[in-house]
>>> print(open('upload-v5.json').read())   # JSON, C-alpha atoms
[["chain", "number", "residue", "atom", "x", "y", "z"],
["A", 27, "LEU", "CA", 117.75, 74.02, 73.98],
["A", 28, "ILE", "CA", 118.59, 75.58, 77.33],
["A", 29, "TYR", "CA", 122.09, 76.05, 78.68],
["A", 30, "ILE", "CA", 122.82, 77.39, 82.15],
["A", 31, "MET", "CA", 126.30, 78.86, 82.37],
["A", 32, "GLU", "CA", 128.30, 80.68, 84.98],
["A", 33, "LEU", "CA", 130.42, 83.60, 83.80],
["A", 34, "ALA", "CA", 133.83, 83.10, 85.37],
["A", 35, "MET", "CA", 134.71, 86.77, 85.82],
["A", 36, "SER", "CA", 131.51, 87.72, 87.65],
["A", 37, "ASN", "CA", 130.09, 84.45, 89.05],
["A", 38, "LEU", "CA", 126.86, 85.48, 87.32],
["A", 39, "GLN", "CA", 124.69, 82.63, 86.06],
["A", 40, "VAL", "CA", 122.96, 83.08, 82.72],
["A", 41, "VAL", "CA", 120.53, 81.05, 80.67],
["A", 42, "ILE", "CA", 121.16, 80.73, 76.95],
["A", 43, "ARG", "CA", 118.10, 79.59, 75.02],
["A", 44, "LEU", "CA", 118.27, 78.38, 71.47],
["A", 45, "PRO", "CA", 115.14, 77.14, 69.70],
["A", 46, "ARG", "CA", 115.52, 73.55, 68.58],
["A", 47, "PRO", "CA", 116.49, 73.50, 64.91],
["A", 48, "HIS", "CA", 113.78, 72.10, 62.61],
["A", 49, "LEU", "CA", 111.39, 71.80, 65.57],
["A", 50, "ALA", "CA", 110.58, 75.37, 66.55],
["A", 51, "GLN", "CA", 108.37, 77.17, 64.06],
["A", 52, "PHE", "CA", 108.77, 80.96, 63.69],
["A", 53, "ALA", "CA", 111.89, 80.74, 65.90],
["A", 54, "HIS", "CA", 113.38, 84.18, 65.19],
["A", 55, "GLU", "CA", 110.02, 85.94, 65.36],
["A", 56, "LYS", "CA", 109.10, 84.26, 68.66],
["A", 57, "THR", "CA", 112.51, 85.01, 70.20],
["A", 58, "LEU", "CA", 112.20, 88.74, 69.39],
["A", 59, "GLN", "CA", 108.66, 88.84, 70.75],
["A", 60, "GLU", "CA", 109.63, 86.96, 73.91],
["A", 61, "ALA", "CA", 112.50, 89.35, 74.60],
["A", 62, "ALA", "CA", 110.20, 92.35, 74.06],
["A", 63, "THR", "CA", 107.55, 90.87, 76.36],
["A", 64, "ILE", "CA", 110.06, 90.15, 79.14],
["A", 65, "ASN", "CA", 111.49, 93.67, 78.87],
["A", 66, "PHE", "CA", 107.98, 95.17, 78.90],
["A", 67, "LEU", "CA", 106.99, 93.18, 82.00],
["A", 68, "ALA", "CA", 110.19, 94.20, 83.77],
["A", 69, "LYS", "CA", 109.50, 97.86, 83.06],
["A", 70, "HIS", "CA", 105.73, 98.00, 83.64],
["A", 71, "THR", "CA", 104.94, 95.37, 86.30],
["A", 72, "LEU", "CA", 106.30, 93.91, 89.52],
["A", 73, "VAL", "CA", 106.22, 90.39, 88.09],
["A", 74, "PRO", "CA", 109.68, 88.89, 88.62],
["A", 75, "VAL", "CA", 111.17, 88.17, 85.21],
["A", 76, "PRO", "CA", 114.75, 87.45, 84.17],
["A", 77, "LYS", "CA", 116.87, 90.27, 82.78],
["A", 78, "VAL", "CA", 117.42, 90.04, 79.03],
["A", 79, "PHE", "CA", 121.14, 90.54, 78.40],
["A", 80, "ALA", "CA", 121.03, 89.93, 74.66],
["A", 81, "HIS", "CA", 118.91, 88.45, 71.91],
["A", 82, "GLY", "CA", 119.11, 88.18, 68.17],
["A", 83, "LYS", "CA", 120.09, 85.80, 65.41],
["A", 84, "HIS", "CA", 123.56, 84.27, 65.27],
["A", 85, "GLU", "CA", 124.72, 83.26, 61.79],
["A", 86, "LYS", "CA", 125.73, 79.76, 62.96],
["A", 87, "PHE", "CA", 123.34, 79.00, 65.86],
["A", 88, "GLY", "CA", 120.24, 80.91, 64.74],
["A", 89, "PRO", "CA", 117.92, 82.80, 67.10],
["A", 90, "TYR", "CA", 119.04, 83.10, 70.71],
["A", 91, "ILE", "CA", 118.20, 84.84, 73.94],
["A", 92, "ILE", "CA", 120.53, 85.28, 76.93],
["A", 93, "LEU", "CA", 118.79, 85.81, 80.26],
["A", 94, "SER", "CA", 119.76, 86.10, 83.88],
["A", 95, "PHE", "CA", 119.30, 82.85, 85.77],
["A", 96, "ILE", "CA", 116.60, 83.02, 88.44],
["A", 97, "ASP", "CA", 116.83, 80.29, 91.02],
["A", 98, "ASN", "CA", 113.53, 78.87, 92.19],
["A", 99, "ASN", "CA", 112.16, 76.38, 94.66],
["A", 100, "GLY", "CA", 110.20, 74.34, 92.15],
["A", 101, "SER", "CA", 106.71, 74.63, 90.79],
["A", 102, "LEU", "CA", 103.57, 75.66, 92.64],
["A", 103, "LEU", "CA", 102.05, 72.38, 91.49],
["A", 104, "ARG", "CA", 104.71, 70.36, 93.32],
["A", 105, "SER", "CA", 104.58, 72.50, 96.47],
["A", 106, "LEU", "CA", 100.82, 71.89, 96.81],
["A", 107, "ALA", "CA", 100.95, 68.19, 95.94],
["A", 108, "GLU", "CA", 100.97, 65.18, 98.22],
["A", 109, "PRO", "CA", 104.53, 63.98, 98.82],
["A", 110, "ASN", "CA", 105.44, 61.50, 96.09],
["A", 111, "ASP", "CA", 108.83, 60.45, 94.72],
["A", 112, "ASP", "CA", 107.37, 59.03, 91.50],
["A", 113, "VAL", "CA", 107.86, 61.81, 88.93],
["A", 114, "ASP", "CA", 105.76, 59.92, 86.38],
["A", 115, "GLU", "CA", 102.67, 60.00, 88.58],
["A", 116, "ALA", "CA", 100.37, 63.00, 88.24],
["A", 117, "PRO", "CA", 100.48, 65.28, 91.29],
["A", 118, "VAL", "CA", 97.44, 65.31, 93.56],
["A", 119, "LEU", "CA", 96.51, 68.19, 95.89],
["A", 120, "ASN", "CA", 97.69, 67.53, 99.42],
["A", 121, "LEU", "CA", 94.52, 67.80, 101.49],
["A", 122, "LYS", "CA", 96.61, 68.21, 104.66],
["A", 123, "ILE", "CA", 97.92, 71.64, 103.60],
["A", 124, "ALA", "CA", 96.86, 74.29, 106.08],
["A", 125, "ASP", "CA", 94.20, 76.65, 104.74],
["A", 126, "GLY", "CA", 96.43, 79.63, 105.41],
["A", 127, "GLU", "CA", 99.28, 78.18, 103.35],
["A", 128, "LEU", "CA", 96.96, 77.38, 100.46],
["A", 129, "GLU", "CA", 95.44, 80.88, 100.59],
["A", 130, "ASN", "CA", 98.95, 82.38, 100.63],
["A", 131, "HIS", "CA", 99.92, 80.51, 97.46],
["A", 132, "TYR", "CA", 96.69, 81.46, 95.68],
["A", 133, "PHE", "CA", 97.03, 85.09, 96.77],
["A", 134, "LYS", "CA", 100.53, 85.29, 95.28],
["A", 135, "VAL", "CA", 99.35, 83.77, 92.00],
["A", 136, "ALA", "CA", 96.33, 86.11, 91.87],
["A", 137, "ALA", "CA", 98.52, 89.17, 92.56],
["A", 138, "ARG", "CA", 100.82, 88.25, 89.65],
["A", 139, "LEU", "CA", 97.91, 87.55, 87.30],
["A", 140, "LEU", "CA", 96.30, 90.90, 88.12],
["A", 141, "GLN", "CA", 99.53, 92.65, 87.13],
["A", 142, "LEU", "CA", 99.63, 90.75, 83.84],
["A", 143, "PHE", "CA", 96.09, 91.90, 83.02],
["A", 144, "GLN", "CA", 96.75, 95.61, 83.76],
["A", 145, "PRO", "CA", 98.56, 96.64, 80.55],
["A", 146, "CYS", "CA", 96.16, 97.73, 77.83],
["A", 147, "PHE", "CA", 96.96, 97.96, 74.15],
["A", 148, "SER", "CA", 94.99, 99.37, 71.23],
["A", 149, "ARG", "CA", 95.60, 96.32, 69.04],
["A", 150, "ILE", "CA", 95.77, 92.52, 69.35],
["A", 151, "GLY", "CA", 99.13, 91.05, 68.41],
["A", 152, "SER", "CA", 102.63, 90.52, 69.73],
["A", 153, "LEU", "CA", 104.89, 93.07, 71.35],
["A", 154, "VAL", "CA", 107.92, 94.36, 69.53],
["A", 155, "GLU", "CA", 110.58, 96.62, 71.03],
["A", 156, "SER", "CA", 110.56, 99.64, 68.74],
["A", 157, "SER", "CA", 113.38, 101.49, 70.51],
["A", 158, "LEU", "CA", 114.99, 101.54, 73.92],
["A", 159, "ASP", "CA", 112.18, 101.14, 76.47],
["A", 160, "SER", "CA", 109.47, 101.64, 73.83],
["A", 161, "PHE", "CA", 107.07, 98.84, 72.95],
["A", 162, "VAL", "CA", 104.38, 98.51, 70.28],
["A", 163, "VAL", "CA", 101.98, 95.78, 69.21],
["A", 164, "GLN", "CA", 103.43, 95.21, 65.77],
["A", 165, "GLY", "CA", 103.66, 91.45, 65.27],
["A", 166, "ARG", "CA", 101.00, 88.86, 64.56],
["A", 167, "PRO", "CA", 99.59, 87.03, 67.58],
["A", 168, "MET", "CA", 101.50, 83.76, 67.89],
["A", 169, "THR", "CA", 99.58, 80.63, 68.85],
["A", 170, "GLN", "CA", 100.55, 77.04, 69.47],
["A", 171, "ASN", "CA", 97.97, 76.10, 66.86],
["A", 172, "MET", "CA", 99.85, 78.09, 64.19],
["A", 173, "SER", "CA", 103.02, 76.22, 65.04],
["A", 174, "ASN", "CA", 101.21, 72.89, 64.95],
["A", 175, "MET", "CA", 99.59, 73.73, 61.61],
["A", 176, "VAL", "CA", 103.00, 74.27, 60.01],
["A", 177, "GLN", "CA", 104.84, 71.47, 61.78],
["A", 178, "LEU", "CA", 102.23, 68.71, 61.92],
["A", 179, "ALA", "CA", 99.78, 69.49, 59.12],
["A", 180, "ASN", "CA", 102.32, 70.81, 56.58],
["A", 181, "ILE", "CA", 100.32, 73.98, 56.04],
["A", 182, "PRO", "CA", 102.46, 76.59, 54.26],
["A", 183, "ILE", "CA", 103.46, 79.61, 56.34],
["A", 184, "SER", "CA", 102.41, 81.84, 53.44],
["A", 185, "VAL", "CA", 98.70, 81.20, 54.10],
["A", 186, "LEU", "CA", 98.93, 82.28, 57.76],
["A", 187, "PRO", "CA", 98.56, 85.92, 58.81],
["A", 188, "ALA", "CA", 101.55, 88.06, 57.78],
["A", 189, "GLU", "CA", 104.30, 88.67, 60.37],
["A", 190, "ASP", "CA", 103.23, 92.30, 60.84],
["A", 191, "LYS", "CA", 99.45, 91.59, 60.92],
["A", 192, "THR", "CA", 97.67, 92.91, 64.01],
["A", 193, "TYR", "CA", 93.97, 93.16, 64.82],
["A", 194, "GLU", "CA", 91.83, 96.10, 65.96],
["A", 195, "SER", "CA", 89.22, 93.98, 67.72],
["A", 196, "ALA", "CA", 88.57, 90.59, 69.25],
["A", 197, "ASN", "CA", 86.06, 90.01, 66.44],
["A", 198, "GLY", "CA", 88.80, 90.42, 63.82],
["A", 199, "TRP", "CA", 91.13, 88.09, 65.70],
["A", 200, "TYR", "CA", 88.42, 85.44, 66.21],
["A", 201, "THR", "CA", 87.63, 85.59, 62.50],
["A", 202, "ALA", "CA", 91.32, 85.03, 61.69],
["A", 203, "LEU", "CA", 91.41, 82.08, 64.13],
["A", 204, "ALA", "CA", 88.35, 80.55, 62.46],
["A", 205, "GLU", "CA", 89.94, 80.99, 59.03],
["A", 206, "MET", "CA", 93.09, 79.23, 60.26],
["A", 207, "HIS", "CA", 90.99, 76.32, 61.53],
["A", 208, "MET", "CA", 89.33, 76.09, 58.14],
["A", 209, "LEU", "CA", 92.79, 75.92, 56.52],
["A", 210, "GLN", "CA", 93.38, 72.67, 58.36],
["A", 211, "LEU", "CA", 90.43, 71.18, 56.46],
["A", 212, "ALA", "CA", 91.57, 72.63, 53.12],
["A", 213, "PHE", "CA", 95.09, 71.17, 53.43],
["A", 214, "GLN", "CA", 94.12, 67.68, 54.61],
["A", 215, "HIS", "CA", 95.62, 64.91, 52.55]]
>>> encode(input="upload-v5.json", output="structure tokens")
Amino acid sequence: LIYIMELAMSNLQVVIRLPRPHLAQFAHEKTLQEAATINFLAKHTLVPVPKVFAHGKHEKFGPYIILSFIDNNGSLLRSLAEPNDDVDEAPVLNLKIADGELENHYFKVAARLLQLFQPCFSRIGSLVESSLDSFVVQGRPMTQNMSNMVQLANIPISVLPAEDKTYESANGWYTALAEMHMLQLAFQH
């Protein structure tokens, strides 16, 4: 759930995100990792990310994250698409876009992606904020497939990698991924 609110005293807009109850798997874990990743990107790259004001777990509402609101002009997909008012129709590249404009969009995307690929870590996993401005890879890598396995295939969380499991190499991570795929066969009804 996403709520955009304006703070009356400061006219500051914030986004409050709450994972959907009973829908989001690993909600608290993912919220902590997302906050750490945003804070890391803000500190170590020029990629524009919202400021994290607070995050944690509220006793009544569960995991939450409060971010600064960043206004935008829509998606890159829509800006490159042929004009079309039908939101249900898939966007199609506007072939009348000037080459220079298209190159400008692609250059901006490439510049951001290059910054995202610059950080290097000694392990494969998820970032955790260990102390103020200090980040470590200390959580398991989170995948959509893991979420789907729990939510859609009723696979118990206990058979997935432990919350603090990280991997030294791509080979170790690929082996874990293969084992998780095999679990889907083992737990079929």
>>> residues_around(input="upload-v5.json", residues="segment 65-75 of chain A", least_positions_apart="2", cutoff="10 Å", atoms="all atoms listed in the file", output="ChimeraX atom specification")
/A:59-63,77-78,93-96,137-142,144-145,153-155,158-162
>>> closest_residue(input="upload-v5.json", among="A:Leu49, A:Leu44, A:Leu128, A:Ile150", to="Leu102 of chain A", atoms="all atoms listed in the file")
A:Leu128
>>> closest_residue(input="upload-v5.json", among="A:Leu58, A:Lys83, A:Gln214, A:Ile92", to="Ile42 of chain A", atoms="all atoms listed in the file")
A:Ile92
>>> atom_distance(input="upload-v5.json", atom1="atom CA of His48 of chain A", atom2="atom CA of Ser152 of chain A")
22.7 Å
>>> closest_atom_pairs(input="upload-v5.json", of="segment 43-71 of chain A", to="segment 27-30 of chain A", cutoff="9 Å", atoms="only C-alpha atoms", output="CSV")
residue,atom,partner,partner_atom,distance
A:Arg43,CA,A:Ile28,CA,4.7
A:Leu44,CA,A:Leu27,CA,5.1
A:Pro45,CA,A:Leu27,CA,5.9
A:Arg46,CA,A:Leu27,CA,5.9
>>> decode(input="upload-v5.json", residues="segment 79-155 of chain A", atoms="C-alpha atoms", output="PDB file, in the first residue's frame")
ATOM      1  CA  PHE A  79      13.141   9.277   6.716  1.00  0.00           C
ATOM      2  CA  ALA A  80      12.244   6.196   8.726  1.00  0.00           C
ATOM      3  CA  HIS A  81      11.682   2.471   8.441  1.00  0.00           C
ATOM      4  CA  GLY A  82      10.922  -0.353  10.796  1.00  0.00           C
ATOM      5  CA  LYS A  83       8.073  -2.456  12.100  1.00  0.00           C
ATOM      6  CA  HIS A  84       5.041  -0.860  13.725  1.00  0.00           C
ATOM      7  CA  GLU A  85       3.204  -3.087  16.202  1.00  0.00           C
ATOM      8  CA  LYS A  86      -0.188  -2.406  14.565  1.00  0.00           C
ATOM      9  CA  PHE A  87       0.657  -1.767  10.877  1.00  0.00           C
ATOM     10  CA  GLY A  88       3.698  -4.024  10.448  1.00  0.00           C
ATOM     11  CA  PRO A  89       6.736  -3.141   8.320  1.00  0.00           C
ATOM     12  CA  TYR A  90       6.856   0.375   6.904  1.00  0.00           C
ATOM     13  CA  ILE A  91       9.136   2.772   5.110  1.00  0.00           C
ATOM     14  CA  ILE A  92       8.720   6.552   4.919  1.00  0.00           C
ATOM     15  CA  LEU A  93      10.409   8.206   1.947  1.00  0.00           C
ATOM     16  CA  SER A  94      10.590  11.644   0.422  1.00  0.00           C
ATOM     17  CA  PHE A  95       8.222  12.061  -2.501  1.00  0.00           C
ATOM     18  CA  ILE A  96       9.990  12.551  -5.829  1.00  0.00           C
ATOM     19  CA  ASP A  97       7.811  14.040  -8.512  1.00  0.00           C
ATOM     20  CA  ASN A  98       8.328  12.648 -11.984  1.00  0.00           C
ATOM     21  CA  ASN A  99       7.127  13.156 -15.521  1.00  0.00           C
ATOM     22  CA  GLY A 100       6.030   9.579 -16.097  1.00  0.00           C
ATOM     23  CA  SER A 101       7.832   6.528 -17.351  1.00  0.00           C
ATOM     24  CA  LEU A 102      10.470   6.326 -20.060  1.00  0.00           C
ATOM     25  CA  LEU A 103       8.243   3.777 -21.765  1.00  0.00           C
ATOM     26  CA  ARG A 104       5.399   6.291 -22.110  1.00  0.00           C
ATOM     27  CA  SER A 105       7.675   9.135 -23.221  1.00  0.00           C
ATOM     28  CA  LEU A 106       9.020   7.028 -26.114  1.00  0.00           C
ATOM     29  CA  ALA A 107       5.659   5.567 -27.126  1.00  0.00           C
ATOM     30  CA  GLU A 108       3.301   6.631 -29.874  1.00  0.00           C
ATOM     31  CA  PRO A 109       0.590   8.925 -28.502  1.00  0.00           C
ATOM     32  CA  ASN A 110      -2.309   6.780 -27.313  1.00  0.00           C
ATOM     33  CA  ASP A 111      -5.032   7.496 -24.751  1.00  0.00           C
ATOM     34  CA  ASP A 112      -5.913   3.816 -24.291  1.00  0.00           C
ATOM     35  CA  VAL A 113      -4.038   2.783 -21.128  1.00  0.00           C
ATOM     36  CA  ASP A 114      -4.939  -0.876 -21.710  1.00  0.00           C
ATOM     37  CA  GLU A 115      -3.111  -0.993 -25.033  1.00  0.00           C
ATOM     38  CA  ALA A 116       0.571  -1.926 -24.962  1.00  0.00           C
ATOM     39  CA  PRO A 117       2.841   1.031 -25.791  1.00  0.00           C
ATOM     40  CA  VAL A 118       4.608   0.975 -29.154  1.00  0.00           C
ATOM     41  CA  LEU A 119       7.819   2.890 -29.934  1.00  0.00           C
ATOM     42  CA  ASN A 120       7.070   6.157 -31.683  1.00  0.00           C
ATOM     43  CA  LEU A 121       9.093   5.930 -34.892  1.00  0.00           C
ATOM     44  CA  LYS A 122       8.787   9.707 -35.362  1.00  0.00           C
ATOM     45  CA  ILE A 123      10.993  10.474 -32.341  1.00  0.00           C
ATOM     46  CA  ALA A 124      14.081  12.369 -33.401  1.00  0.00           C
ATOM     47  CA  ASP A 125      17.269  10.312 -33.215  1.00  0.00           C
ATOM     48  CA  GLY A 126      18.839  12.858 -30.887  1.00  0.00           C
ATOM     49  CA  GLU A 127      15.957  12.619 -28.410  1.00  0.00           C
ATOM     50  CA  LEU A 128      16.073   8.829 -28.438  1.00  0.00           C
ATOM     51  CA  GLU A 129      19.855   8.842 -27.939  1.00  0.00           C
ATOM     52  CA  ASN A 130      19.448  11.314 -25.058  1.00  0.00           C
ATOM     53  CA  HIS A 131      16.986   9.008 -23.270  1.00  0.00           C
ATOM     54  CA  TYR A 132      19.185   5.947 -23.798  1.00  0.00           C
ATOM     55  CA  PHE A 133      22.286   7.836 -22.657  1.00  0.00           C
ATOM     56  CA  LYS A 134      20.579   8.814 -19.392  1.00  0.00           C
ATOM     57  CA  VAL A 135      19.474   5.230 -18.764  1.00  0.00           C
ATOM     58  CA  ALA A 136      22.957   3.889 -19.571  1.00  0.00           C
ATOM     59  CA  ALA A 137      24.613   6.430 -17.249  1.00  0.00           C
ATOM     60  CA  ARG A 138      22.360   5.345 -14.355  1.00  0.00           C
ATOM     61  CA  LEU A 139      22.905   1.647 -15.056  1.00  0.00           C
ATOM     62  CA  LEU A 140      26.683   2.103 -15.111  1.00  0.00           C
ATOM     63  CA  GLN A 141      26.508   3.665 -11.648  1.00  0.00           C
ATOM     64  CA  LEU A 142      24.445   0.745 -10.368  1.00  0.00           C
ATOM     65  CA  PHE A 143      27.078  -1.718 -11.602  1.00  0.00           C
ATOM     66  CA  GLN A 144      30.046   0.114 -10.002  1.00  0.00           C
ATOM     67  CA  PRO A 145      29.696  -1.041  -6.372  1.00  0.00           C
ATOM     68  CA  CYS A 146      31.496  -4.304  -5.713  1.00  0.00           C
ATOM     69  CA  PHE A 147      30.889  -6.614  -2.791  1.00  0.00           C
ATOM     70  CA  SER A 148      32.733  -9.698  -1.590  1.00  0.00           C
ATOM     71  CA  ARG A 149      29.550 -11.733  -1.173  1.00  0.00           C
ATOM     72  CA  ILE A 150      26.220 -12.285  -2.947  1.00  0.00           C
ATOM     73  CA  GLY A 151      23.197 -11.352  -0.861  1.00  0.00           C
ATOM     74  CA  SER A 152      21.178  -8.386   0.315  1.00  0.00           C
ATOM     75  CA  LEU A 153      22.465  -5.203   1.873  1.00  0.00           C
ATOM     76  CA  VAL A 154      21.895  -4.502   5.531  1.00  0.00           C
ATOM     77  CA  GLU A 155      22.723  -1.239   7.288  1.00  0.00           C
TER      78      GLU A 155
END
